[in-house]
$ cat run18.csv   # CSV, C-alpha atoms (C1' of nucleotides)
chain,number,residue,atom,x,y,z
A,1,MET,CA,94.4,54.5,39.4
A,2,ARG,CA,98.0,54.1,38.4
A,3,ILE,CA,101.3,54.2,40.2
A,4,SER,CA,103.9,56.3,38.4
A,5,THR,CA,107.3,55.1,37.3
A,6,ARG,CA,108.6,56.5,40.6
A,7,GLY,CA,106.8,53.7,42.5
A,8,GLU,CA,107.4,51.1,39.8
A,9,TYR,CA,111.2,51.8,39.5
A,10,GLY,CA,111.6,52.2,43.2
A,11,VAL,CA,110.1,48.8,43.9
A,12,ARG,CA,112.2,47.3,41.2
A,13,ALA,CA,115.3,48.8,42.7
A,14,MET,CA,114.5,47.7,46.2
A,15,PHE,CA,113.7,44.3,44.9
A,16,ASP,CA,117.1,44.2,43.3
A,17,LEU,CA,118.7,45.2,46.6
A,18,ALA,CA,116.7,42.5,48.4
A,19,ILE,CA,118.0,39.8,45.9
A,20,HIS,CA,121.5,40.9,46.6
A,21,TYR,CA,121.1,41.6,50.3
A,22,GLY,CA,124.2,40.9,52.4
A,23,GLN,CA,126.6,41.3,49.5
A,24,GLY,CA,127.7,44.8,50.4
A,25,PRO,CA,126.7,48.1,48.7
A,26,ILE,CA,125.3,47.9,45.2
A,27,SER,CA,126.0,50.8,42.9
A,28,LEU,CA,123.3,52.8,41.1
A,29,LYS,CA,124.9,51.9,37.8
A,30,THR,CA,124.5,48.2,38.5
A,31,ILE,CA,120.9,48.5,39.6
A,32,ALA,CA,120.0,50.8,36.7
A,33,GLU,CA,121.5,48.3,34.2
A,34,ARG,CA,119.9,45.3,35.7
A,35,GLN,CA,116.5,47.0,36.1
A,36,LEU,CA,116.7,48.9,32.8
A,37,VAL,CA,116.0,52.3,34.2
A,38,SER,CA,117.7,55.7,33.8
A,39,GLU,CA,120.6,56.0,36.3
A,40,HIS,CA,120.1,59.7,37.0
A,41,TYR,CA,116.4,59.3,37.5
A,42,LEU,CA,116.9,56.3,39.8
A,43,GLU,CA,119.3,58.5,41.8
A,44,GLN,CA,116.5,60.8,42.7
A,45,LEU,CA,114.4,57.9,43.9
A,46,MET,CA,117.2,56.4,45.9
A,47,ALA,CA,117.8,59.8,47.6
A,48,ALA,CA,114.2,59.8,48.7
A,49,LEU,CA,114.4,56.3,50.0
A,50,ARG,CA,117.6,57.1,51.8
A,51,ARG,CA,116.1,60.2,53.5
A,52,ALA,CA,113.2,58.0,54.5
A,53,GLY,CA,115.6,55.5,56.1
A,54,LEU,CA,114.8,52.5,53.9
A,55,VAL,CA,118.3,52.3,52.4
A,56,THR,CA,121.8,53.3,53.5
A,57,SER,CA,124.4,54.6,51.1
A,58,LYS,CA,128.2,54.6,50.9
A,59,ARG,CA,130.0,57.2,48.8
A,60,GLY,CA,133.1,56.8,46.7
A,61,ALA,CA,134.6,53.9,44.8
A,62,GLN,CA,133.0,50.6,45.7
A,63,GLY,CA,130.2,52.6,47.2
A,64,GLY,CA,126.5,52.1,46.6
A,65,TYR,CA,123.2,51.3,48.3
A,66,GLU,CA,122.1,48.7,50.7
A,67,LEU,CA,118.8,47.9,52.4
A,68,ALA,CA,118.7,49.6,55.8
A,69,ASP,CA,116.8,46.6,57.2
A,70,SER,CA,116.4,42.9,56.3
A,71,PRO,CA,114.0,42.2,53.4
A,72,GLU,CA,111.3,40.8,55.7
A,73,GLN,CA,111.2,44.1,57.6
A,74,ILE,CA,110.5,46.2,54.5
A,75,ARG,CA,106.9,46.3,53.2
A,76,ILE,CA,106.1,47.3,49.6
A,77,GLY,CA,103.7,49.9,51.1
A,78,ASP,CA,106.6,51.6,52.9
A,79,ILE,CA,108.4,52.1,49.5
A,80,ILE,CA,105.3,53.3,47.7
A,81,ARG,CA,104.4,55.8,50.5
A,82,VAL,CA,107.9,57.3,50.2
A,83,LEU,CA,107.8,57.6,46.4
A,84,GLU,CA,104.1,58.2,45.7
A,85,GLY,CA,102.8,59.7,48.9
A,86,PRO,CA,99.9,58.3,51.0
A,87,ILE,CA,98.2,55.2,49.6
A,88,THR,CA,94.7,56.6,49.1
A,89,PRO,CA,92.3,56.9,46.2
A,90,LEU,CA,91.1,60.4,47.5
A,91,ASP,CA,93.0,63.0,49.4
A,92,CYS,CA,90.1,63.6,51.8
A,93,LEU,CA,90.7,60.1,53.2
A,94,ASP,CA,94.3,60.8,54.2
A,95,VAL,CA,94.4,61.7,57.8
A,96,SER,CA,97.3,64.1,57.4
A,97,THR,CA,95.4,66.4,55.0
A,98,LYS,CA,91.7,65.8,55.7
A,99,THR,CA,89.6,68.8,56.4
A,100,GLY,CA,86.8,67.1,58.2
A,101,PRO,CA,85.0,63.8,58.5
A,102,TYR,CA,82.3,64.7,56.0
A,103,CYS,CA,84.4,66.7,53.5
A,104,GLY,CA,81.7,69.3,53.8
A,105,GLN,CA,78.7,67.4,52.7
A,106,PRO,CA,77.0,64.6,54.6
A,107,GLU,CA,76.1,62.8,51.3
A,108,GLN,CA,79.8,62.3,50.7
A,109,CYS,CA,79.9,60.2,53.8
A,110,VAL,CA,78.1,57.5,51.9
A,111,LEU,CA,80.8,57.5,49.2
A,112,ARG,CA,83.4,57.8,51.9
A,113,GLY,CA,82.7,54.2,52.8
A,114,LEU,CA,83.3,53.1,49.3
A,115,TRP,CA,86.6,54.9,49.0
A,116,LYS,CA,87.7,53.7,52.4
A,117,SER,CA,87.1,50.1,51.4
A,118,LEU,CA,89.2,50.7,48.3
A,119,GLN,CA,92.0,52.2,50.3
A,120,ASP,CA,91.9,49.4,52.8
A,121,SER,CA,92.1,46.8,50.1
A,122,MET,CA,95.0,48.5,48.5
A,123,GLU,CA,96.9,48.9,51.8
A,124,GLN,CA,96.2,45.3,52.7
A,125,VAL,CA,98.0,44.0,49.6
A,126,LEU,CA,100.9,46.5,49.8
A,127,ASP,CA,101.5,46.2,53.5
A,128,ASN,CA,101.3,42.4,53.7
A,129,THR,CA,103.9,41.9,51.0
A,130,THR,CA,107.5,42.4,52.0
A,131,LEU,CA,110.7,42.3,50.0
A,132,GLU,CA,111.4,38.9,51.4
A,133,ASP,CA,108.1,37.6,49.9
A,134,LEU,CA,109.2,38.9,46.5
A,135,ARG,CA,112.7,37.4,47.0
A,136,GLN,CA,111.2,34.0,47.6
A,137,ASP,CA,108.9,34.4,44.6
A,138,ALA,CA,112.0,35.1,42.5
A,139,PHE,CA,113.8,32.1,43.9
A,140,ARG,CA,110.8,29.8,43.2
A,141,LEU,CA,110.5,31.1,39.7
A,142,LYS,CA,114.2,30.5,39.1
A,143,VAL,CA,113.9,26.9,40.3
A,144,ALA,CA,110.9,26.3,38.1
A,145,GLU,CA,112.8,27.8,35.2
A,146,ASN,CA,115.7,25.4,35.6
A,147,ARG,CA,113.6,22.3,35.6
B,1,MET,CA,97.5,55.8,43.6
B,2,ARG,CA,94.7,58.4,43.3
B,3,ILE,CA,91.6,58.7,41.2
B,4,SER,CA,91.2,62.1,39.7
B,5,THR,CA,88.2,64.4,40.0
B,6,ARG,CA,86.8,62.8,36.9
B,7,GLY,CA,86.2,59.6,38.7
B,8,GLU,CA,85.2,61.2,41.9
B,9,TYR,CA,82.7,63.7,40.4
B,10,GLY,CA,81.5,61.0,38.0
B,11,VAL,CA,80.6,58.6,40.8
B,12,ARG,CA,79.0,61.5,42.7
B,13,ALA,CA,76.8,62.4,39.8
B,14,MET,CA,75.8,58.8,39.1
B,15,PHE,CA,75.1,58.3,42.8
B,16,ASP,CA,72.8,61.4,42.6
B,17,LEU,CA,71.0,59.9,39.6
B,18,ALA,CA,70.6,56.6,41.5
B,19,ILE,CA,69.0,58.4,44.4
B,20,HIS,CA,66.5,60.1,42.1
B,21,TYR,CA,66.1,57.1,39.8
B,22,GLY,CA,62.6,56.8,38.3
B,23,GLN,CA,61.8,60.5,38.7
B,24,GLY,CA,62.5,61.4,35.1
B,25,PRO,CA,65.5,63.2,33.7
B,26,ILE,CA,67.6,65.3,36.0
B,27,SER,CA,69.4,68.4,34.6
B,28,LEU,CA,73.1,68.9,34.8
B,29,LYS,CA,72.4,72.1,36.7
B,30,THR,CA,70.6,70.3,39.4
B,31,ILE,CA,73.3,67.6,39.8
B,32,ALA,CA,76.0,70.2,39.7
B,33,GLU,CA,74.3,72.2,42.5
B,34,ARG,CA,73.6,69.2,44.7
B,35,GLN,CA,77.0,67.7,44.3
B,36,LEU,CA,78.9,71.0,44.3
B,37,VAL,CA,80.8,70.5,41.1
B,38,SER,CA,81.3,72.7,38.1
B,39,GLU,CA,78.5,72.3,35.6
B,40,HIS,CA,80.5,72.7,32.5
B,41,TYR,CA,83.1,70.2,33.7
B,42,LEU,CA,80.5,67.7,34.7
B,43,GLU,CA,79.0,68.1,31.3
B,44,GLN,CA,82.2,66.5,29.8
B,45,LEU,CA,82.0,63.6,32.2
B,46,MET,CA,78.3,63.0,31.5
B,47,ALA,CA,79.1,63.0,27.7
B,48,ALA,CA,81.6,60.2,28.3
B,49,LEU,CA,79.1,58.3,30.4
B,50,ARG,CA,76.4,58.7,27.8
B,51,ARG,CA,78.7,57.5,25.0
B,52,ALA,CA,79.6,54.5,27.1
B,53,GLY,CA,75.9,53.8,27.5
B,54,LEU,CA,75.6,54.3,31.3
B,55,VAL,CA,73.2,57.2,31.1
B,56,THR,CA,70.6,58.4,28.6
B,57,SER,CA,70.0,62.1,28.0
B,58,LYS,CA,67.1,64.2,26.9
B,59,ARG,CA,67.7,67.6,25.3
B,60,GLY,CA,65.7,70.8,25.6
B,61,ALA,CA,63.5,72.2,28.4
B,62,GLN,CA,62.8,69.7,31.2
B,63,GLY,CA,65.6,67.6,29.7
B,64,GLY,CA,68.4,66.0,31.6
B,65,TYR,CA,70.1,62.7,32.4
B,66,GLU,CA,68.9,59.4,33.6
B,67,LEU,CA,70.6,56.1,34.5
B,68,ALA,CA,70.4,53.8,31.4
B,69,ASP,CA,69.9,50.9,33.7
B,70,SER,CA,68.6,50.3,37.2
B,71,PRO,CA,71.0,51.1,40.0
B,72,GLU,CA,71.7,47.5,40.9
B,73,GLN,CA,72.9,46.9,37.3
B,74,ILE,CA,75.6,49.6,37.4
B,75,ARG,CA,78.9,48.9,39.1
B,76,ILE,CA,81.2,51.6,40.4
B,77,GLY,CA,83.9,49.9,38.4
B,78,ASP,CA,82.0,50.6,35.2
B,79,ILE,CA,81.9,54.3,36.0
B,80,ILE,CA,85.6,54.4,36.9
B,81,ARG,CA,86.6,52.6,33.7
B,82,VAL,CA,84.8,55.1,31.5
B,83,LEU,CA,86.2,58.1,33.3
B,84,GLU,CA,89.6,57.0,34.3
B,85,GLY,CA,90.5,54.2,32.0
B,86,PRO,CA,91.3,50.6,32.9
B,87,ILE,CA,91.6,49.8,36.6
B,88,THR,CA,95.2,48.8,36.9
B,89,PRO,CA,98.2,50.0,38.9
B,90,LEU,CA,100.5,49.5,35.8
B,91,ASP,CA,99.8,49.7,32.1
B,92,CYS,CA,101.6,46.5,31.4
B,93,LEU,CA,98.9,44.6,33.3
B,94,ASP,CA,96.2,45.9,31.0
B,95,VAL,CA,95.4,43.3,28.4
B,96,SER,CA,94.5,45.9,25.8
B,97,THR,CA,97.9,47.5,25.9
B,98,LYS,CA,100.3,44.8,27.1
B,99,THR,CA,103.3,44.1,25.0
B,100,GLY,CA,104.0,40.6,26.3
B,101,PRO,CA,103.7,38.4,29.3
B,102,TYR,CA,107.1,39.3,30.8
B,103,CYS,CA,107.2,43.0,29.9
B,104,GLY,CA,110.6,42.2,28.4
B,105,GLN,CA,112.4,40.9,31.5
B,106,PRO,CA,111.7,37.7,33.3
B,107,GLU,CA,112.4,39.3,36.7
B,108,GLN,CA,109.5,41.6,36.3
B,109,CYS,CA,107.3,38.6,36.2
B,110,VAL,CA,107.9,38.3,40.0
B,111,LEU,CA,106.7,41.9,40.5
B,112,ARG,CA,103.9,41.2,38.1
B,113,GLY,CA,102.3,38.9,40.7
B,114,LEU,CA,102.3,41.8,43.2
B,115,TRP,CA,100.8,44.3,40.9
B,116,LYS,CA,98.2,41.7,39.7
B,117,SER,CA,97.2,41.2,43.4
B,118,LEU,CA,96.8,44.9,43.8
B,119,GLN,CA,94.7,45.2,40.7
B,120,ASP,CA,92.5,42.3,41.7
B,121,SER,CA,91.8,43.7,45.1
B,122,MET,CA,90.9,47.1,43.6
B,123,GLU,CA,88.6,45.6,41.0
B,124,GLN,CA,87.0,43.4,43.6
B,125,VAL,CA,85.9,46.4,45.6
B,126,LEU,CA,84.9,48.5,42.6
B,127,ASP,CA,83.0,45.7,40.8
B,128,ASN,CA,81.2,44.4,43.8
B,129,THR,CA,79.7,47.7,44.7
B,130,THR,CA,76.7,48.9,42.7
B,131,LEU,CA,74.9,52.2,42.7
B,132,GLU,CA,72.1,50.3,44.5
B,133,ASP,CA,74.5,49.5,47.4
B,134,LEU,CA,75.3,53.2,47.7
B,135,ARG,CA,71.6,54.1,47.5
B,136,GLN,CA,70.9,51.8,50.4
B,137,ASP,CA,73.8,53.1,52.4
B,138,ALA,CA,72.4,56.6,51.9
B,139,PHE,CA,69.0,55.5,53.0
B,140,ARG,CA,70.3,53.8,56.1
B,141,LEU,CA,72.4,56.9,56.9
B,142,LYS,CA,69.3,59.1,56.6
B,143,VAL,CA,67.3,56.9,58.9
B,144,ALA,CA,70.0,56.9,61.5
B,145,GLU,CA,70.2,60.7,61.2
B,146,ASN,CA,66.6,61.2,62.0
B,147,ARG,CA,66.6,59.1,65.1
C,1,DT,C1',146.4,60.5,42.5
C,2,DC,C1',142.6,58.9,40.1
C,3,DA,C1',138.5,56.6,38.9
C,4,DA,C1',134.3,55.3,40.8
C,5,DT,C1',130.7,56.7,43.1
C,6,DT,C1',127.1,59.4,45.8
C,7,DC,C1',125.2,63.9,46.5
C,8,DC,C1',122.9,68.1,45.0
C,9,DA,C1',120.4,71.7,42.4
C,10,DA,C1',118.5,73.2,38.6
C,11,DC,C1',116.2,72.9,34.1
C,12,DG,C1',113.0,71.3,30.5
C,13,DA,C1',109.8,68.9,27.5
C,14,DC,C1',105.7,66.7,27.6
C,15,DT,C1',101.3,65.2,29.4
C,16,DT,C1',97.5,65.5,32.4
C,17,DT,C1',94.3,67.8,35.2
C,18,DA,C1',90.6,70.6,35.9
C,19,DC,C1',88.5,73.6,34.3
C,20,DT,C1',86.4,77.8,31.3
C,21,DC,C1',84.3,79.9,27.1
C,22,DG,C1',81.2,80.5,23.4
C,23,DG,C1',77.8,79.0,20.8
C,24,DA,C1',74.8,75.6,18.0
C,25,DA,C1',70.9,72.4,18.2
C,26,DT,C1',66.8,70.7,20.5
C,27,DT,C1',62.6,70.7,23.0
C,28,DG,C1',58.6,71.6,26.2
C,29,DA,C1',55.7,75.2,27.8
C,30,DT,C1',53.2,79.5,26.8
D,1,DA,C1',55.6,81.0,17.0
D,2,DT,C1',58.4,82.2,20.6
D,3,DC,C1',61.3,81.5,24.3
D,4,DA,C1',63.7,79.8,28.0
D,5,DA,C1',65.8,75.7,29.4
D,6,DT,C1',68.6,72.4,28.3
D,7,DT,C1',72.0,69.1,26.0
D,8,DC,C1',75.8,69.0,22.7
D,9,DC,C1',80.2,70.2,20.8
D,10,DG,C1',84.9,72.0,20.0
D,11,DA,C1',88.3,74.7,21.5
D,12,DG,C1',91.4,77.1,24.8
D,13,DT,C1',94.2,77.5,29.1
D,14,DA,C1',96.7,77.8,33.5
D,15,DA,C1',98.8,75.0,36.8
D,16,DA,C1',100.7,70.9,38.2
D,17,DG,C1',102.8,66.5,37.7
D,18,DT,C1',105.7,63.2,35.2
D,19,DC,C1',109.9,61.7,33.6
D,20,DG,C1',113.5,62.5,33.0
D,21,DT,C1',118.5,65.3,31.7
D,22,DT,C1',122.5,68.2,32.7
D,23,DG,C1',126.4,69.6,35.2
D,24,DG,C1',129.2,69.6,38.7
D,25,DA,C1',130.8,69.1,43.8
D,26,DA,C1',132.2,65.9,47.5
D,27,DT,C1',133.8,61.4,49.0
D,28,DT,C1',136.4,57.2,49.0
D,29,DG,C1',138.9,52.8,48.0
D,30,DA,C1',142.7,51.1,45.2
$ encode --input "run18.csv" --output "structure tokens"
Amino acid sequence: MRISTRGEYGVRAMFDLAIHYGQGPISLKTIAERQLVSEHYLEQLMAALRRAGLVTSKRGAQGGYELADSPEQIRIGDIIRVLEGPITPLDCLDVSTKTGPYCGQPEQCVLRGLWKSLQDSMEQVLDNTTLEDLRQDAFRLKVAENR
Amino acid sequence: MRISTRGEYGVRAMFDLAIHYGQGPISLKTIAERQLVSEHYLEQLMAALRRAGLVTSKRGAQGGYELADSPEQIRIGDIIRVLEGPITPLDCLDVSTKTGPYCGQPEQCVLRGLWKSLQDSMEQVLDNTTLEDLRQDAFRLKVAENR
DNA sequence: TCAATTCCAACGACTTTACTCGGAATTGAT
DNA sequence: ATCAATTCCGAGTAAAGTCGTTGGAATTGA
């Protein structure tokens, strides 16, 4: 029931881009240093996010990455799906790969309700949180810190 | 964000035991055949469930496994924790392994709120469903089937 | 021109997953 | 007493996934 470092680092990187949204492209090196993750590894994750259209990139000196959309338009679920695949506890629930409604056995249909509830509750959290929400959390935390 | 076959088969097996609760020990062979899973593999899972005290076993002819408690006393979360480990999207949220409240960086504390919400929503589903709930779902499904 | 940067493809060590295999110990039925 | 059914136990294993690293080509602003 874990997300891997792909999802974890990816969300961290996107969060970083959200915090610095509107300040021009941010280089991988900067993000990697601030978020304490391997630069080359993060590069792979950013490539996936770029291909998925969540970030734009600019090559060369002073290049880097930017959010392709404003932070309130990007849901955490969008990021996780790109980096971890469909959000589902069991493959058979994923519409793109499911073989049939009963997975072969009618009995499993009973359990299907359970797994579906689990999936729904996960998606509910992940799709109702945007980068803007996290940005505001960070802001509030900083204010509280300085008091 | 998946559970492995350990959790999936384990819940299937426990569900099977719940359906036949009170009918004496059920053999691995029977469960494996009904639930279409490998008998030897299931054996490992049952061993873990036995060591955790969720089932009792009886060796020898006419032996097998039984729920250690009535179906309404066994939560799906209990089963998953035994077979998959703590229910948490990130290790740093797990109290038994966490290194500190901020995982090193204060910024992560922002994301921590997100991951904690996700964890809570998963545990809420898994700990509020018991084997008895599934048993009743199965019963209702069967009634509907025969109409 | 050059340093900074993204882009790309491959490799590798390690862990996990999902089993299989072989056999010892136990037990109810005959 | 024997035997078949069954749990119990430890090891092995092939494939996939995780978490990176390595090396270099292409692009771009100063």
$ closest_residue --input "run18.csv" --among "D:DA25, D:DA1, D:DA30, D:DC9" --to "chain B" --atoms "all atoms listed in the file"
D:DC9
$ interface_residues --input "run18.csv" --of "chain C" --to "chain A" --cutoff "12 Å" --atoms "all atoms listed in the file" --output "number ranges by chain"
C: 2-9
$ atom_distance --input "run18.csv" --atom1 "atom CA of B:Gln124" --atom2 "atom CA of B:Arg2"
16.9 Å
$ closest_residue --input "run18.csv" --among "A:Ala18, A:Cys92, A:Ala68, A:Val82" --to "A:Asp137" --atoms "only C-alpha atoms"
A:Ala18
$ atom_distance --input "run18.csv" --atom1 "atom CA of A:Arg140" --atom2 "atom CA of A:Gly22"
19.7 Å
$ closest_residue --input "run18.csv" --among "B:Leu42, B:Val55, B:Met14, B:Leu49" --to "chain A" --atoms "all atoms listed in the file"
B:Met14
$ interface_residues --input "run18.csv" --of "chain D" --to "chain B" --cutoff "10 Å" --atoms "all atoms listed in the file" --output "PyMOL selection string"
chain D and resi 4-9
$ interface_residues --input "run18.csv" --of "chain B" --to "chain A" --cutoff "7 Å" --atoms "all atoms listed in the file" --output "list in words"
Met1, Arg2, Ile3, Ile87, Thr88, Pro89, Leu90, Val110, Ser117, Leu118, Ser121, Met122, Val125, Leu134, Asp137 and Ala138 of chain B
$ residues_around --input "run18.csv" --residues "D:DG10" --least-positions-apart "3" --cutoff "12 Å" --atoms "only C-alpha atoms (C1' of nucleotides)" --output "list in words"
Gln44 of chain B; DC21, DG22, DG23 and DA24 of chain C
$ atom_distance --input "run18.csv" --atom1 "atom C1' of D:DA26" --atom2 "atom CA of A:Ala13"
24.5 Å
